[in-house]
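A short write-up of the structure that comes next.
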Amino acid sequence: MIYKVIMRWKTLCSISVLFGASLAWNQQKPDAAKPADKPTAEQLEFFEAKIRPVLAKNCYACHGSGTKNAMGGLFLDTKAGLMKGGANGPALIPGNPNESILIKAVRHEGRKMPPAGKLPDAAIADLEKWVAMGAPDPRVGAAAEWKESKVDIEKGRQYWAFQNPVKPASPKVRNAKWSTQPVDRLLLARLESKGLTPSPEADKATLIRRVTMDLTGLPPTAAEVTAFLNNKHPDAYTKLVDRLLASPQYGERWGRHWLDVARYAESVGRGRNYIMPYAWRYRDYVIDSFNADKPYDKFVMEQIAGDLLPASNDKQYNEQLTGTAFLSLGSHDLIEQNPSVFRMDVVDEQIHSVSKAFMGITVGCARCHDHKFDPIPTADYYAMAGIFRSTEMLSGLRRRPRDNASYFDINLLARLKLTPEEQANAWIKDPAKIAEWNELMKKLEDSRSGRSPALLQARRNLKKGQPIAPGQQVAVAAKLRQEANVVLAQMDKFPLPKDLAMAAREGESNDCEIHIKGDVKDLGRKVPRGFVQVVSRPNDSGFEIGPKDSGRLQLAKWLARKDNPLTARVMVNRVWLHTFGRGIVPTVDNFGKMGEQPTHQDILDYLAVRFMEQGWSVKKVVREVVLSKSYRMSTAYNDRNAKADPDNNLFWRQNRNRLEVEAIRDSIMMVAGKLNLQRPAESPTMGFVRGFDLGRGRGTYPEDYAVKMDSRSVYVPVLRNFLPAMYETFDFPEPSEPKGRREVTTVPTQALFLVNSNFAITQSKSAAEKLLADAQTTGRDRVLRVYREVLSRDATQAEIDRSLSFIDAMRSNTSEHNDEKTAWARLYQALFASAEFRYRS
């Protein structure tokens, strides 16, 4: 078997080199992490959101500068103290968590810290990740006590991102004939000011593959390539773009982009990784919204407060309600035993996600102190916290603090409004089964409310003067869990109702106290529910929060107003990212001071104002961008331009972008004729055992749906801690964090996966079968068809000759018993493994 793998690898390497299509461009191995002296914006955000709160809560009391004698001489409230260490040396080794004293201690390997008890698994994982990335740490000096904020809001509003966008005037350019389109004129003016020239337009074969991939995530068919190449009409490209924008595949592609931002997943992750079987409704809501070109301001409001918006019919009500699942999709630690900590961690996750997704700022970094870099005081964080503490999350997952149990409960879901016919088919019809279900629900409620047999017996013992010993208390708790588990197991035999959805709803309205240093036990003054001050305007009106309101509706309207300086900018910047490979603001989720600054603020502002003027239509912005000459430039190299701008920050050429894993998988399956473009009715997770704990990656992925399913990749279940092997290989983002820009690696393991995986081998054989079904086709015609299917271009004569020679060699290789199908399958697989296939130019 090993011999066959090696031989297959040698064969594919040989043919790839033969064709001039290397297996990987610019292969790089990630360097080992080094001490992060100059942390990136993402690293700083991770420290402020995940690390500083853990250290402040659990370590500073014994290892802070405010103590007279730090335990072991170790100070953990400054970077210098952490690196210097205590009596046993440095507390950590950047880049090496397994050898770091701090990590060993929190794992309880030898020393056991903190003394009060082991940290939650999620907190330990965050510390491990932090040390592995080089322990980026912005702290200097001693830890300071919390004081009333001195953030200058008015001064903060002078920063470009907090000022309203203004449409720029069309600039004068020397090469006026290049384009009259506003985006092009703005980009060209910048290039000319630096003495640079734009690259020529890409050839038609490159253009059809580029725009089809960018708008649908699928390659053009061989027939579509032929038709476009033969169409000499001047508006051929415009018609192509309009056809792609109107296809249902557009919403699947651009919906997947948003699902990255929404940290979409179908399991909760962390300590108890339970399935969320109704998450798919939100996925479909997003896809449908992009296909319908729902105005983006409405899209924003529905995800914050769709349940509170007026609806003209039941369909609209259901749609808006489903949108609020955005607030319930987060990854939460269900084993956190302190209800107050759990509640505030949920709120923190919601603030973090809302602020990054819609505003492109990191409000979550103000949980323990004023934001270190942006004008966001701690009070603003807790103003938003009051809104989300007044909101009830409906995810279907219930925590029971009494015995630290958690389980799936359909009563913690929202009920959709169905027609009588739909309602009749929404669940079981047998009266006896319905009665059995109601009895089980009563037992579960008894267990939850303290009327369970175990608790009733304990109370009877107390009345008889028999106190419950500590050991017996543990036994009673175990009995409670056992009783609930028996009931839940019986309930799992029933199908899930079809009229439920994840959502959010109004809870008990309360303002939130400032938690000093993020500690739930150290409370300061209450802060009225409200919004981020620096993004607000002094004369803002219409957003007042009533005493019985959570504030979600007001927050939704505040986010979607036209004079919010961030909302439109952030979204059009995401559009630019997904059409050029890099945002105008490269840190697409962070427009703050520690994010990267815009390379073309004038283009960003033009698109933002244009976006709002055109009714917040995402399709119209996408259309304007992909019709521009700037987008249609080739990726051709220019020595003079490259010397002045080696990173192409000025966009003098189009970027060559690595395809996402979904586009790679879907493209392979489409070429093989195995991709089903119909949307599945729901998700396979609807058939999982409710309350099944997948764990934190120690087990086996329940099923590799990336291999099993024939649907598009956007419909493959995303289970936290259990991503399919192909997804991990090709940089699928961590689904517990909003991720507007995916990391991109180019490493040998990616080509090896496409060489050795059963998925690639099976799909290549299917493609060969489809090719050979036409017995009248010549070998030359087959080679031309293979190239048009896989690479969307014609093969050169040299490639045709080499391919035919390769096919002959494969047929004559008796040692591997190759037949005609196997020979052509190897050709397909060689091209699938090539860098030209994995990249769009």
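Chain labels A, B, ... are given in the sequence in which chains occur in the structure tokens; within each chain residues are numbered consecutively from 1, and ligands are likewise numbered from 1 in the order shown.
In the backbone-derived DSSP annotation, alpha helix (DSSP H) within segment 133-186 of chain A comprises Ile153, Glu154, Lys155, Gly156, Pro182, Val183, Asp184, Arg185 and Leu186 of chain A.
Counting only C-alpha atoms, Asn438 of chain A has the following residues at most 12 Å away, ignoring those fewer than 5 positions along the same chain: Pro431, Ala432, Lys433, Lys443, Leu444, Glu445, Val487, Gln490, Met491 and Phe494 of chain A.
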Could you list, as a PDB file with all heavy atoms, in the first residue's frame, every residue within 9 Å of segment 175-179 of chain A, counting only C-alpha atoms and ignoring same-chain residues fewer than 5 positions away?
```pdb
ATOM      1  N   ASP A 184     -12.746  52.995 -10.909  1.00  0.00           N
ATOM      2  CA  ASP A 184     -11.542  52.937 -11.723  1.00  0.00           C
ATOM      3  C   ASP A 184     -10.793  54.257 -11.719  1.00  0.00           C
ATOM      4  O   ASP A 184      -9.554  54.292 -11.642  1.00  0.00           O
ATOM      5  CB  ASP A 184     -11.910  52.562 -13.164  1.00  0.00           C
ATOM      6  CG  ASP A 184     -12.426  51.147 -13.288  1.00  0.00           C
ATOM      7  OD1 ASP A 184     -12.037  50.301 -12.462  1.00  0.00           O
ATOM      8  OD2 ASP A 184     -13.216  50.875 -14.207  1.00  0.00           O
ATOM      9  N   ARG A 185     -11.530  55.366 -11.801  1.00  0.00           N
ATOM     10  CA  ARG A 185     -10.865  56.673 -11.822  1.00  0.00           C
ATOM     11  C   ARG A 185     -10.131  56.929 -10.511  1.00  0.00           C
ATOM     12  O   ARG A 185      -9.017  57.469 -10.497  1.00  0.00           O
ATOM     13  CB  ARG A 185     -11.894  57.783 -12.082  1.00  0.00           C
ATOM     14  CG  ARG A 185     -12.598  57.700 -13.430  1.00  0.00           C
ATOM     15  CD  ARG A 185     -11.636  57.928 -14.587  1.00  0.00           C
ATOM     16  NE  ARG A 185     -11.263  59.311 -14.748  1.00  0.00           N
ATOM     17  CZ  ARG A 185     -11.794  60.132 -15.659  1.00  0.00           C
ATOM     18  NH1 ARG A 185     -12.739  59.698 -16.472  1.00  0.00           N
ATOM     19  NH2 ARG A 185     -11.373  61.377 -15.755  1.00  0.00           N
ATOM     20  N   LEU A 188      -7.069  54.592 -10.476  1.00  0.00           N
ATOM     21  CA  LEU A 188      -6.066  55.034 -11.455  1.00  0.00           C
ATOM     22  C   LEU A 188      -5.350  56.297 -10.993  1.00  0.00           C
ATOM     23  O   LEU A 188      -4.124  56.433 -11.166  1.00  0.00           O
ATOM     24  CB  LEU A 188      -6.736  55.268 -12.808  1.00  0.00           C
ATOM     25  CG  LEU A 188      -5.826  55.723 -13.951  1.00  0.00           C
ATOM     26  CD1 LEU A 188      -4.750  54.676 -14.232  1.00  0.00           C
ATOM     27  CD2 LEU A 188      -6.638  56.004 -15.212  1.00  0.00           C
ATOM     28  N   GLU A 192      -1.363  56.638 -10.765  1.00  0.00           N
ATOM     29  CA  GLU A 192      -0.609  57.652 -11.503  1.00  0.00           C
ATOM     30  C   GLU A 192       0.180  58.565 -10.569  1.00  0.00           C
ATOM     31  O   GLU A 192       1.280  59.023 -10.912  1.00  0.00           O
ATOM     32  CB  GLU A 192      -1.565  58.469 -12.378  1.00  0.00           C
ATOM     33  CG  GLU A 192      -2.126  57.665 -13.557  1.00  0.00           C
ATOM     34  CD  GLU A 192      -3.056  58.485 -14.443  1.00  0.00           C
ATOM     35  OE1 GLU A 192      -3.489  59.584 -14.009  1.00  0.00           O
ATOM     36  OE2 GLU A 192      -3.334  58.040 -15.558  1.00  0.00           O
ATOM     37  N   SER A 628     -15.952  46.627 -13.105  1.00  0.00           N
ATOM     38  CA  SER A 628     -14.912  47.652 -13.206  1.00  0.00           C
ATOM     39  C   SER A 628     -13.699  47.126 -13.958  1.00  0.00           C
ATOM     40  O   SER A 628     -13.418  45.926 -13.992  1.00  0.00           O
ATOM     41  CB  SER A 628     -14.493  48.130 -11.810  1.00  0.00           C
ATOM     42  OG  SER A 628     -13.791  47.093 -11.134  1.00  0.00           O
ATOM     43  N   LYS A 629     -12.956  48.035 -14.568  1.00  0.00           N
ATOM     44  CA  LYS A 629     -11.693  47.664 -15.221  1.00  0.00           C
ATOM     45  C   LYS A 629     -10.680  47.208 -14.173  1.00  0.00           C
ATOM     46  O   LYS A 629      -9.819  46.382 -14.461  1.00  0.00           O
ATOM     47  CB  LYS A 629     -11.150  48.880 -15.979  1.00  0.00           C
ATOM     48  CG  LYS A 629     -11.974  49.289 -17.171  1.00  0.00           C
ATOM     49  CD  LYS A 629     -11.609  48.497 -18.410  1.00  0.00           C
ATOM     50  CE  LYS A 629     -10.227  48.842 -18.879  1.00  0.00           C
ATOM     51  NZ  LYS A 629     -10.060  48.871 -20.330  1.00  0.00           N
TER      52      LYS A 629
END
```
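Compared by their closest atoms to Ser667 of chain A, and using only C-alpha atoms, the residues A:Leu412, A:Leu218, A:Leu245, A:Ala169 rank with A:Leu218 nearest.
Of the residues under consideration (A:Ala751, A:Ile584, A:Ala222, A:Val790), A:Ile584 shows the shortest atom-to-atom contact distance to Phe651 of chain A when counting only C-alpha atoms.
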| request: Compare A:Ser355, A:Pro586, A:Pro295, A:Glu769 by their minimum atom-to-atom distance to Gln614 of chain A, counting only C-alpha atoms, and give me the closest one. | output: A:Pro295
| field | For Lys155 of chain A: contacts at 10 Å, only C-alpha atoms, fewer than 3 positions along chain excluded, given as a ChimeraX atom specification | value | /A:151-152,158-159,375,534
Would you list the contacts of segment 300-305 of chain A as an mmCIF file with C-alpha atoms, in the first residue's frame, taking every protein, DNA or RNA residue within 7 Å and counting only C-alpha atoms, but skipping same-chain residues closer than 3 positions in sequence?
```cif
data_model
loop_
_atom_site.group_PDB
_atom_site.id
_atom_site.type_symbol
_atom_site.label_atom_id
_atom_site.label_comp_id
_atom_site.auth_asym_id
_atom_site.auth_seq_id
_atom_site.Cartn_x
_atom_site.Cartn_y
_atom_site.Cartn_z
ATOM 1 C CA TYR A 296 -28.448 45.041 4.012
ATOM 2 C CA ASP A 297 -29.863 47.430 6.615
ATOM 3 C CA LEU A 308 -39.509 42.722 17.272
ATOM 4 C CA LEU A 309 -39.909 44.021 13.714
ATOM 5 C CA GLN A 320 -37.241 37.637 10.689
ATOM 6 C CA GLY A 323 -32.501 35.826 11.649
ATOM 7 C CA THR A 324 -32.123 36.384 15.406
ATOM 8 C CA ALA A 325 -30.389 32.996 15.629
ATOM 9 C CA PHE A 326 -27.249 35.072 14.985
ATOM 10 C CA ARG A 552 -32.261 45.154 20.920
ATOM 11 C CA LEU A 553 -34.720 46.918 18.624
ATOM 12 C CA ALA A 556 -30.763 47.260 15.461
ATOM 13 C CA LYS A 557 -32.051 50.636 14.242
ATOM 14 C CA ALA A 560 -28.690 50.315 10.383
#
```
Between segment 471-579 of chain A and segment 339-344 of chain A, at 9 Å or less, what are the per-residue closest atom pairs and their distances in Å? Count only C-alpha atoms, order by chain and rising residue number, and return it as CSV.
```
residue,atom,partner,partner_atom,distance
A:Asp519,CA,A:Val341,CA,8.4
A:Val520,CA,A:Val341,CA,6.4
A:Lys521,CA,A:Ser340,CA,8.9
```
May I have the selected residues written with all heavy atoms, as an mmCIF file, in the first residue's frame?
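out_33.cif, freshly written:
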```cif
data_model
loop_
_atom_site.group_PDB
_atom_site.id
_atom_site.type_symbol
_atom_site.label_atom_id
_atom_site.label_comp_id
_atom_site.auth_asym_id
_atom_site.auth_seq_id
_atom_site.Cartn_x
_atom_site.Cartn_y
_atom_site.Cartn_z
ATOM 1 N N ASP A 519 -14.738 41.003 36.820
ATOM 2 C CA ASP A 519 -15.081 40.062 37.885
ATOM 3 C C ASP A 519 -16.569 40.181 38.234
ATOM 4 O O ASP A 519 -17.046 41.266 38.583
ATOM 5 C CB ASP A 519 -14.219 40.358 39.118
ATOM 6 C CG ASP A 519 -14.332 39.282 40.189
ATOM 7 O OD1 ASP A 519 -15.301 38.502 40.157
ATOM 8 O OD2 ASP A 519 -13.450 39.229 41.059
ATOM 9 N N VAL A 520 -17.288 39.068 38.165
ATOM 10 C CA VAL A 520 -18.734 39.096 38.438
ATOM 11 C C VAL A 520 -19.024 39.401 39.904
ATOM 12 O O VAL A 520 -20.164 39.745 40.255
ATOM 13 C CB VAL A 520 -19.399 37.761 38.046
ATOM 14 C CG1 VAL A 520 -19.264 37.504 36.560
ATOM 15 C CG2 VAL A 520 -18.828 36.595 38.848
ATOM 16 N N LYS A 521 -18.045 39.281 40.788
ATOM 17 C CA LYS A 521 -18.259 39.533 42.213
ATOM 18 C C LYS A 521 -17.820 40.932 42.643
ATOM 19 O O LYS A 521 -18.046 41.331 43.777
ATOM 20 C CB LYS A 521 -17.510 38.471 43.043
ATOM 21 C CG LYS A 521 -18.070 37.077 42.878
ATOM 22 C CD LYS A 521 -17.297 36.060 43.689
ATOM 23 C CE LYS A 521 -15.936 35.778 43.106
ATOM 24 N NZ LYS A 521 -15.234 34.658 43.771
#
```
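For the pair atom CA of Phe373 of chain A and atom CA of Pro528 of chain A, the separation is 23.7 Å.
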| query | Using only C-alpha atoms, which of the listed residues (A:Lys84, A:Lys167, A:Lys765, A:His332) sits closest to Ile603 of chain A? | reply | A:Lys167
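The space between atom CA of Gly81 of chain A and atom CA of Met594 of chain A spans 24.1 Å.
Closest approach to Leu44 of chain A among A:Cys365, A:Val347, A:Val211, A:Ala80: A:Cys365, based on only C-alpha atoms.
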